[in-house]
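Participant: Have a look at the structure that comes next, please.
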2 protein chains.
Amino acid sequence: MASMKEVAKRAGVSISTVSRVISRKTPVDARTEQKVRTVIKDMKYQPNLLASGLRSKSGRVIGLLVPRILDPFFCLLIDCVDRAVINRGYNLLLFNTCSDPDFEEQVIENLLSRHVDGIIFSMVSDESRAMELVRGVGVPVVMLDRVRETGKVLSLVLDNAGAGRMAAEHLADLGHRRLACVTGSSTIHLCLERLGGFRSALEKRGIHLNDECVVEGDFTFSSGIAAAKRLVQILPKVTAVWAQNDLMAAGVLIGMAGEGRRIPDDLSLVGMDDVGVPLFLQPPLTTIAQPIREMAEQAVEMIMERKKSDSPPKRAILEPTLVIRKSTAAAPE
Amino acid sequence: MASMKEVAKRAGVSISTVSRVISRKTPVDARTEQKVRTVIKDMKYQPNLLASGLRSKSGRVIGLLVPRILDPFFCLLIDCVDRAVINRGYNLLLFNTCSDPDFEEQVIENLLSRHVDGIIFSMVSDESRAMELVRGVGVPVVMLDRVRETGKVLSLVLDNAGAGRMAAEHLADLGHRRLACVTGSSTIHLCLERLGGFRSALEKRGIHLNDECVVEGDFTFSSGIAAAKRLVQILPKVTAVWAQNDLMAAGVLIGMAGEGRRIPDDLSLVGMDDVGVPLFLQPPLTTIAQPIREMAEQAVEMIMERKKSDSPPKRAILEPTLVIRKSTAAAPE
DNA sequence: TTGTAAGCGTTATCAT
DNA sequence: ATGATAACGCTTACAA
């Protein structure tokens, strides 16, 4: 590929002039600019972003770390973050931490050595040493979705307790008194928050959530199937379940069908995330939607702001919304 | 972050010695090596991959271009390619071409200016000018899944006609005589190949595929819903459908349910891809599985080989497999 | 407005 | 086995 040097020679100008017409930061005479642009077109010149990144300390790359690419939530997040960074002239370097805290550390070191312009980061779990690693290096970081500490770093989280409350209230409004919850891993703080919101909203209405009614999954479809096997045993007693993501909700729906139970006749079911899965299910899944597009957009915007001025670490909280479909119905009797 | 220069100073060696212990390409005295390694640990030194990439012409990055991140097929592909490149010490730069040929061109120019070590590329459509752009530049390219030309470039495709044949034979074996097909966009060659394989396998058994029985979708769930609305009108006549991906199959299944038709009682249904969706459906979807892990692994391996020696452009063809579940049943009567 | 030159943090080619 | 030193292709003072 042609370099700036060659373009400069062919255009009969200095290399810095070429740089200037490309960066548009300092004025260039209209005629020389034309000349240079023509040569650039002719030679199909493309600036080498490795070189410019090295020199200017901005390779125009944003790193995105997610625990699991295959989770539809993260899949949509990737899509949205990609759009947001592309619109600002950046590209996306994707890192899958594979839900593994040890691997996550390797990934972060690797990421740092790439000197990306910003990091958008959803941690694996509360055990992550990740924060210590990224803090202190000068690169803007936004913690997304799964966040442990607060205060020290830019973060963007859902009102997870609120999500739990929404699920609880929707179900309670339908007359359900005996509820259950399928959670994600208890090493992930947001699962505890969701459960806490769910439980306390129930308590407020005088409903107690038994321990046997809380089954821990791991956000996968198959853990939802497994949860269904557990739940079916306490079934006539329990009449409604909230699964903390749609994948697990799909698992309990399919698992229940395998046991001959029908949704919502035998059991009302609420999911969470509202991406992809809910409309594939029969009946379509009532769920708590996350504002993923806004999350992505705001995350990228925070990075960009942070690059300009060292704005103080702020924490934004986003609100979920209840999407009522057909998997929830009035309690029997 | 610490640089090699600082490490060298602290270790009392030259900068090139530090480079040598890191690259392990030339022997270094055991004692000096120890010394340097200690300093590296102490200072938490991480090599700057922009700089090393600039100099060595290998930034250890592979670019992956997909038409649509949200399609489960591509989502799994991303996951698999990521694993394959990570295992070889590379990272993934992800580009979403958004099913838009014009945008695709921009994306490619951008990609080239990043001087990636290799490009894995699933084109948007046959209209893509993409091949012309990437060919000729010295970087190894593997075309995946959606490929137009052959011969000039490394490529890795599914036996799409074979997939069509499998679907047709499975359905014909069950006694179906009146079939339909929901295709992807006719601007994508692989859709034509799939349809061709489907049709000719049918012809071989004396079954003719009417034009009204071929409905064109665009690989999305909603286009499957739309297809169901069309198909329901010719329904008692047609008894089986093949949708060219699972998303559209999900759409026809749900769409049919909306019209009060049941799968497989009123209509046998076969999908394609076998990632995610089939097990969420009721009944679980019979489908044609693609060997995505192998595709990803082979694609990355081809890139690595190509980097070493300019091996001739070869074209590998992968075989699909039929996965029989519950959405297909014997034809009525 | 334009050119000169230093330097970003590496790797690679020489010597030693 | 190790050290100087010149690139890599660009940005950015500083001069002109």
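Residue names in the structure tokens use chain letters A, B, ... in the order shown, residue numbers from 1 in each chain, and ligand numbers from 1 in the order shown.
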Within 12 Å of D:DA15, counting only C-alpha atoms (C1' of nucleotides), which residues show up once you throw out same-chain ones fewer than 2 positions away? Write them as a ChimeraX atom specification, please.

Facilitator: /C:2-5 /D:13

Participant: Would you kindly report the residues of chain B within 9 Å of chain D, using only C-alpha atoms (C1' of nucleotides), as a CSV table (one decimal) with C-alpha atoms, in the first residue's frame?

Facilitator:
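And here is the file that came out, out11.csv:
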chain,number,residue,atom,x,y,z
B,13,VAL,CA,20.7,-4.0,29.4
B,14,SER,CA,20.0,-2.6,26.0
B,15,ILE,CA,16.6,-2.2,24.6
B,16,SER,CA,17.2,-4.8,22.0
B,17,THR,CA,18.0,-7.4,24.7
B,27,PRO,CA,18.9,-16.8,22.3
B,28,VAL,CA,19.6,-14.8,25.4
B,29,ASP,CA,21.9,-15.6,28.3
B,51,ALA,CA,4.4,-0.1,17.8
B,53,GLY,CA,2.6,-4.0,14.7
B,54,LEU,CA,3.9,-1.0,12.8
B,55,ARG,CA,7.4,-2.3,12.8
B,56,SER,CA,6.9,-6.0,12.2
B,57,LYS,CA,3.9,-5.6,10.0

Participant: Listing only residues of chain C within 10 Å of chain B, what is the closest atom pair and its distance in Å (to one decimal) for each, using only C-alpha atoms (C1' of nucleotides), sorted by chain and residue number ascending, as JSON lines?

Facilitator:
{"residue": "C:DC8", "atom": "C1'", "partner": "B:Ala51", "partner_atom": "CA", "distance": 7.9}
{"residue": "C:DG9", "atom": "C1'", "partner": "B:Ala51", "partner_atom": "CA", "distance": 5.0}
{"residue": "C:DT10", "atom": "C1'", "partner": "B:Ser52", "partner_atom": "CA", "distance": 4.4}
{"residue": "C:DT11", "atom": "C1'", "partner": "B:Arg55", "partner_atom": "CA", "distance": 5.7}
{"residue": "C:DA12", "atom": "C1'", "partner": "B:Ser56", "partner_atom": "CA", "distance": 8.7}

Participant: Could you write out that same residue set with N, CA and C atoms (P, O5', C5', C4', C3', O3' and C1' of nucleotides) as a short mmCIF file (atom, residue, chain, number, x, y, z; two decimals), in the first residue's frame?

Facilitator:
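Writing done, so here's part_19.cif:
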data_model
loop_
_atom_site.label_atom_id
_atom_site.label_comp_id
_atom_site.auth_asym_id
_atom_site.auth_seq_id
_atom_site.Cartn_x
_atom_site.Cartn_y
_atom_site.Cartn_z
P DC C 8 9.41 9.76 22.18
"O5'" DC C 8 8.09 8.90 22.09
"C5'" DC C 8 6.80 9.50 21.95
"C4'" DC C 8 5.92 8.53 21.20
"C3'" DC C 8 6.28 7.07 21.48
"O3'" DC C 8 5.47 6.59 22.54
"C1'" DC C 8 5.86 7.50 19.12
P DG C 9 6.18 5.96 23.84
"O5'" DG C 9 6.46 4.47 23.36
"C5'" DG C 9 5.36 3.64 23.04
"C4'" DG C 9 5.85 2.43 22.30
"C3'" DG C 9 6.90 1.62 23.06
"O3'" DG C 9 6.52 0.26 22.99
"C1'" DG C 9 7.67 2.12 20.91
P DT C 10 7.24 -0.88 23.77
"O5'" DT C 10 7.18 -2.04 22.67
"C5'" DT C 10 8.33 -2.34 21.95
"C4'" DT C 10 7.97 -2.47 20.49
"C3'" DT C 10 8.86 -3.50 19.81
"O3'" DT C 10 8.11 -4.69 19.60
"C1'" DT C 10 8.87 -1.39 18.63
P DT C 11 8.98 -6.03 19.45
"O5'" DT C 11 9.64 -5.87 18.00
"C5'" DT C 11 8.80 -5.91 16.85
"C4'" DT C 11 9.65 -5.75 15.60
"C3'" DT C 11 10.66 -6.87 15.38
"O3'" DT C 11 10.66 -7.12 13.98
"C1'" DT C 11 11.78 -4.80 15.44
P DA C 12 11.41 -8.38 13.37
"O5'" DA C 12 12.64 -7.68 12.67
"C5'" DA C 12 12.43 -6.61 11.76
"C4'" DA C 12 13.75 -6.17 11.18
"C3'" DA C 12 14.74 -7.31 10.93
"O3'" DA C 12 15.49 -6.99 9.76
"C1'" DA C 12 15.64 -5.83 12.52
#

Participant: Could you tell me, as a ChimeraX atom specification, which residues of stretch 190-295 of chain B DSSP assigns to strand (DSSP E or B) when given the backbone?

Facilitator: /B:214-216,240-243,268-273,286-289

Participant: Find the residues of chain A that sit at most 8 Å from chain B; for each, write down the nearest two atoms and how far apart they are in Å, to one decimal. Count only C-alpha atoms. Sort by chain, then by number going up, and give it as CSV.

Facilitator:
residue,atom,partner,partner_atom,distance
A:Met1,CA,B:Val137,CA,7.2
A:Gln46,CA,B:Ser113,CA,5.5
A:Pro47,CA,B:Ser113,CA,5.8
A:Asn48,CA,B:Ser113,CA,5.1
A:Leu49,CA,B:Arg114,CA,5.2
A:Leu50,CA,B:Leu50,CA,5.5
A:Ala51,CA,B:Leu54,CA,6.0
A:Gly53,CA,B:Leu50,CA,7.0
A:Leu54,CA,B:Leu50,CA,5.8
A:Ile69,CA,B:Asp79,CA,6.1
A:Leu70,CA,B:Cys75,CA,6.4
A:Cys75,CA,B:Leu70,CA,6.5
A:Leu76,CA,B:Leu70,CA,6.5
A:Ile78,CA,B:Ile69,CA,7.9
A:Asp79,CA,B:Ile69,CA,6.1
A:Asp82,CA,B:Asn96,CA,7.5
A:Asn91,CA,B:Leu93,CA,7.4
A:Leu92,CA,B:Leu94,CA,5.8
A:Leu93,CA,B:Leu93,CA,4.5
A:Leu94,CA,B:Leu92,CA,5.8
A:Phe95,CA,B:Leu92,CA,7.4
A:Asn96,CA,B:Asp82,CA,7.6
A:Glu109,CA,B:Gln46,CA,7.5
A:Leu112,CA,B:Gln46,CA,7.7
A:Ser113,CA,B:Asn48,CA,5.1
A:Arg114,CA,B:Leu49,CA,5.2
A:His115,CA,B:Asn48,CA,7.1
A:Val137,CA,B:Met1,CA,7.1
A:Ala250,CA,B:Phe280,CA,6.3
A:Gly251,CA,B:Phe280,CA,7.7
A:Ile254,CA,B:Phe280,CA,6.9
A:Val277,CA,B:Phe280,CA,7.6
A:Phe280,CA,B:Ala250,CA,6.3
A:Leu281,CA,B:Leu281,CA,6.2
A:Gln282,CA,B:Gln282,CA,7.1

Participant: I need the chosen residues saved as an mmCIF file, in the first residue's frame, with N, CA and C atoms.

Facilitator:
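What follows is the written file out-v6.cif:
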data_model
loop_
_atom_site.group_PDB
_atom_site.id
_atom_site.type_symbol
_atom_site.label_atom_id
_atom_site.label_comp_id
_atom_site.auth_asym_id
_atom_site.auth_seq_id
_atom_site.Cartn_x
_atom_site.Cartn_y
_atom_site.Cartn_z
ATOM 1 N N MET A 1 0.827 -1.217 0.000
ATOM 2 C CA MET A 1 0.000 0.000 0.000
ATOM 3 C C MET A 1 0.857 1.261 0.000
ATOM 4 N N GLN A 46 -4.542 4.906 1.641
ATOM 5 C CA GLN A 46 -5.263 4.766 2.906
ATOM 6 C C GLN A 46 -4.262 4.963 4.033
ATOM 7 N N PRO A 47 -4.545 5.875 4.944
ATOM 8 C CA PRO A 47 -3.592 6.081 6.037
ATOM 9 C C PRO A 47 -3.411 4.820 6.873
ATOM 10 N N ASN A 48 -2.252 4.620 7.340
ATOM 11 C CA ASN A 48 -1.954 3.469 8.192
ATOM 12 C C ASN A 48 -2.301 3.803 9.636
ATOM 13 N N LEU A 49 -3.370 3.185 10.105
ATOM 14 C CA LEU A 49 -3.868 3.531 11.431
ATOM 15 C C LEU A 49 -2.972 3.035 12.557
ATOM 16 N N LEU A 50 -2.134 2.044 12.267
ATOM 17 C CA LEU A 50 -1.185 1.616 13.294
ATOM 18 C C LEU A 50 -0.194 2.738 13.559
ATOM 19 N N ALA A 51 0.290 3.292 12.462
ATOM 20 C CA ALA A 51 1.279 4.351 12.602
ATOM 21 C C ALA A 51 0.668 5.599 13.229
ATOM 22 N N GLY A 53 -1.913 5.794 15.012
ATOM 23 C CA GLY A 53 -2.273 5.489 16.392
ATOM 24 C C GLY A 53 -1.073 5.557 17.308
ATOM 25 N N LEU A 54 0.019 5.034 16.844
ATOM 26 C CA LEU A 54 1.236 5.039 17.660
ATOM 27 C C LEU A 54 1.654 6.464 17.977
ATOM 28 N N ILE A 69 -20.483 -14.089 24.263
ATOM 29 C CA ILE A 69 -20.994 -13.560 23.005
ATOM 30 C C ILE A 69 -22.346 -14.138 22.658
ATOM 31 N N LEU A 70 -22.534 -15.415 22.976
ATOM 32 C CA LEU A 70 -23.741 -16.095 22.519
ATOM 33 C C LEU A 70 -25.004 -15.724 23.272
ATOM 34 N N CYS A 75 -25.162 -10.115 22.665
ATOM 35 C CA CYS A 75 -25.125 -10.055 21.215
ATOM 36 C C CYS A 75 -25.700 -8.736 20.721
ATOM 37 N N LEU A 76 -26.825 -8.348 21.279
ATOM 38 C CA LEU A 76 -27.414 -7.062 20.901
ATOM 39 C C LEU A 76 -26.535 -5.914 21.384
ATOM 40 N N ILE A 78 -23.321 -5.919 21.629
ATOM 41 C CA ILE A 78 -22.217 -5.817 20.677
ATOM 42 C C ILE A 78 -22.671 -5.046 19.443
ATOM 43 N N ASP A 79 -23.832 -5.437 18.935
ATOM 44 C CA ASP A 79 -24.362 -4.779 17.749
ATOM 45 C C ASP A 79 -24.528 -3.278 17.991
ATOM 46 N N ASP A 82 -21.228 -1.438 18.499
ATOM 47 C CA ASP A 82 -20.563 -1.315 17.208
ATOM 48 C C ASP A 82 -21.114 -0.125 16.430
ATOM 49 N N ASN A 91 -13.519 1.767 15.573
ATOM 50 C CA ASN A 91 -13.869 0.375 15.343
ATOM 51 C C ASN A 91 -13.852 -0.398 16.633
ATOM 52 N N LEU A 92 -14.394 -1.598 16.514
ATOM 53 C CA LEU A 92 -14.615 -2.399 17.709
ATOM 54 C C LEU A 92 -13.663 -3.582 17.767
ATOM 55 N N LEU A 93 -12.939 -3.668 18.865
ATOM 56 C CA LEU A 93 -12.117 -4.835 19.129
ATOM 57 C C LEU A 93 -12.888 -5.630 20.172
ATOM 58 N N LEU A 94 -13.243 -6.857 19.808
ATOM 59 C CA LEU A 94 -14.148 -7.615 20.662
ATOM 60 C C LEU A 94 -13.396 -8.650 21.488
ATOM 61 N N PHE A 95 -13.724 -8.703 22.759
ATOM 62 C CA PHE A 95 -13.077 -9.669 23.641
ATOM 63 C C PHE A 95 -14.134 -10.473 24.370
ATOM 64 N N ASN A 96 -14.062 -11.770 24.244
ATOM 65 C CA ASN A 96 -14.982 -12.662 24.928
ATOM 66 C C ASN A 96 -14.273 -13.217 26.157
ATOM 67 N N GLU A 109 -5.059 -7.713 30.058
ATOM 68 C CA GLU A 109 -3.674 -7.334 29.808
ATOM 69 C C GLU A 109 -3.430 -7.197 28.315
ATOM 70 N N LEU A 112 -4.989 -4.005 27.134
ATOM 71 C CA LEU A 112 -4.241 -2.807 27.497
ATOM 72 C C LEU A 112 -3.047 -2.614 26.574
ATOM 73 N N SER A 113 -2.435 -3.710 26.199
ATOM 74 C CA SER A 113 -1.248 -3.573 25.362
ATOM 75 C C SER A 113 -1.614 -3.101 23.954
ATOM 76 N N ARG A 114 -2.895 -3.080 23.677
ATOM 77 C CA ARG A 114 -3.304 -2.567 22.372
ATOM 78 C C ARG A 114 -3.580 -1.076 22.406
ATOM 79 N N HIS A 115 -3.499 -0.505 23.566
ATOM 80 C CA HIS A 115 -3.680 0.937 23.709
ATOM 81 C C HIS A 115 -4.937 1.440 23.011
ATOM 82 N N VAL A 137 -4.525 2.881 34.705
ATOM 83 C CA VAL A 137 -4.058 3.141 33.350
ATOM 84 C C VAL A 137 -4.912 4.267 32.831
ATOM 85 N N ALA A 250 -36.884 -19.281 28.693
ATOM 86 C CA ALA A 250 -37.153 -20.220 27.603
ATOM 87 C C ALA A 250 -36.932 -21.647 28.098
ATOM 88 N N GLY A 251 -35.880 -21.840 28.857
ATOM 89 C CA GLY A 251 -35.589 -23.161 29.410
ATOM 90 C C GLY A 251 -36.705 -23.653 30.317
ATOM 91 N N ILE A 254 -39.806 -24.525 28.089
ATOM 92 C CA ILE A 254 -39.651 -25.781 27.363
ATOM 93 C C ILE A 254 -39.578 -26.963 28.330
ATOM 94 N N VAL A 277 -35.369 -14.017 21.864
ATOM 95 C CA VAL A 277 -36.089 -15.176 22.366
ATOM 96 C C VAL A 277 -37.591 -14.999 22.627
ATOM 97 N N PHE A 280 -40.101 -16.016 19.987
ATOM 98 C CA PHE A 280 -40.017 -17.365 19.437
ATOM 99 C C PHE A 280 -40.840 -18.334 20.276
ATOM 100 N N LEU A 281 -41.137 -17.925 21.478
ATOM 101 C CA LEU A 281 -41.789 -18.837 22.412
ATOM 102 C C LEU A 281 -43.293 -18.821 22.224
ATOM 103 N N GLN A 282 -43.908 -19.933 22.641
ATOM 104 C CA GLN A 282 -45.351 -20.030 22.654
ATOM 105 C C GLN A 282 -45.793 -20.390 24.049
#

Participant: Return as a compact mmCIF listing (two decimals) with C-alpha atoms, in the first residue's frame the full set of residues in stretch 113-230 of chain B whose backbone-based DSSP assignment is helix (DSSP H, G or I).

Facilitator:
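Contents of states_39.txt, freshly written:
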# COMPACT_ATOMS: atom_id res chain seq x y z
CA SER B 113 -6.09 0.84 6.67
CA ALA B 130 -15.88 -6.36 -2.05
CA MET B 131 -13.75 -8.94 -3.75
CA GLU B 132 -12.13 -6.45 -6.06
CA LEU B 133 -11.22 -4.31 -3.09
CA VAL B 134 -9.58 -6.95 -0.98
CA ASN B 160 -25.61 -25.54 -0.11
CA ALA B 161 -27.15 -27.60 -2.88
CA GLY B 162 -26.55 -30.61 -0.68
CA ALA B 163 -28.40 -28.91 2.15
CA GLY B 164 -31.37 -28.34 -0.14
CA ARG B 165 -31.24 -31.94 -1.22
CA MET B 166 -31.22 -33.15 2.38
CA ALA B 167 -34.25 -31.10 3.24
CA ALA B 168 -36.09 -32.31 0.14
CA GLU B 169 -35.25 -35.96 0.66
CA HIS B 170 -36.18 -35.93 4.31
CA LEU B 171 -39.54 -34.44 3.49
CA ALA B 172 -40.12 -36.65 0.48
CA ASP B 173 -39.22 -39.71 2.53
CA HIS B 189 -26.05 -16.77 -4.38
CA LEU B 190 -26.22 -19.39 -1.69
CA CYS B 191 -29.99 -19.01 -1.55
CA LEU B 192 -30.21 -19.94 -5.19
CA GLU B 193 -27.94 -22.89 -4.64
CA ARG B 194 -30.01 -24.12 -1.77
CA LEU B 195 -33.19 -23.74 -3.73
CA GLY B 196 -31.61 -25.45 -6.71
CA GLY B 197 -30.60 -28.44 -4.64
CA PHE B 198 -34.03 -28.60 -3.07
CA ARG B 199 -35.82 -28.37 -6.38
CA SER B 200 -33.70 -30.85 -8.29
CA ALA B 201 -33.85 -33.46 -5.55
CA LEU B 202 -37.61 -33.11 -5.72
CA GLU B 203 -37.69 -33.35 -9.51
CA LYS B 204 -35.69 -36.52 -9.29
CA ASP B 211 -43.48 -20.93 -8.40
CA GLU B 212 -46.17 -19.91 -5.92
CA CYS B 213 -44.54 -22.29 -3.47
CA PHE B 221 -37.81 -13.69 11.86
CA SER B 222 -40.35 -11.18 10.62
CA SER B 223 -39.89 -12.24 7.03
CA GLY B 224 -40.76 -15.74 8.24
CA ILE B 225 -43.96 -14.40 9.74
CA ALA B 226 -44.75 -12.72 6.45
CA ALA B 227 -44.02 -15.94 4.59
CA ALA B 228 -46.47 -17.79 6.84
CA LYS B 229 -49.21 -15.37 5.80
CA ARG B 230 -48.54 -16.23 2.18

Participant: Which polymer residues have any atom within 7 Å of an atom of stretch 315-332 of chain A, counting only C-alpha atoms (C1' of nucleotides), with same-chain residues fewer than 3 positions away left out, as a PyMOL selection string?

Facilitator: chain A and resi 154-159+163+166+174-176+239+263-264+268-270+283-291

Participant: Here is a test: counting only C-alpha atoms, which residue of A:Ile119, A:Val232, A:Leu179, A:Val81 is nearest to A:Met143?

Facilitator: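 Among the listed residues, the smallest separation from A:Met143 belongs to A:Ile119.
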
Participant: One decimal, in Å: what's the spacing between atom CA of B:Asp126 and atom CA of B:Asp274?

Facilitator: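 Atom CA of B:Asp274 lies at a distance of 24.4 Å from atom CA of B:Asp126.
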
Participant: Which is closer to B:Arg146 than all the others in B:Gly12, B:Gly118, B:Gly184, B:Pro236, using only C-alpha atoms?

Facilitator: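 Answer, going by the shortest atom-to-atom distance: B:Gly184.
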
Participant: Record the distance separating atom CA of B:Arg178 and atom CA of B:Phe73, expressed in Å with one decimal.

Facilitator: 28.7 Å
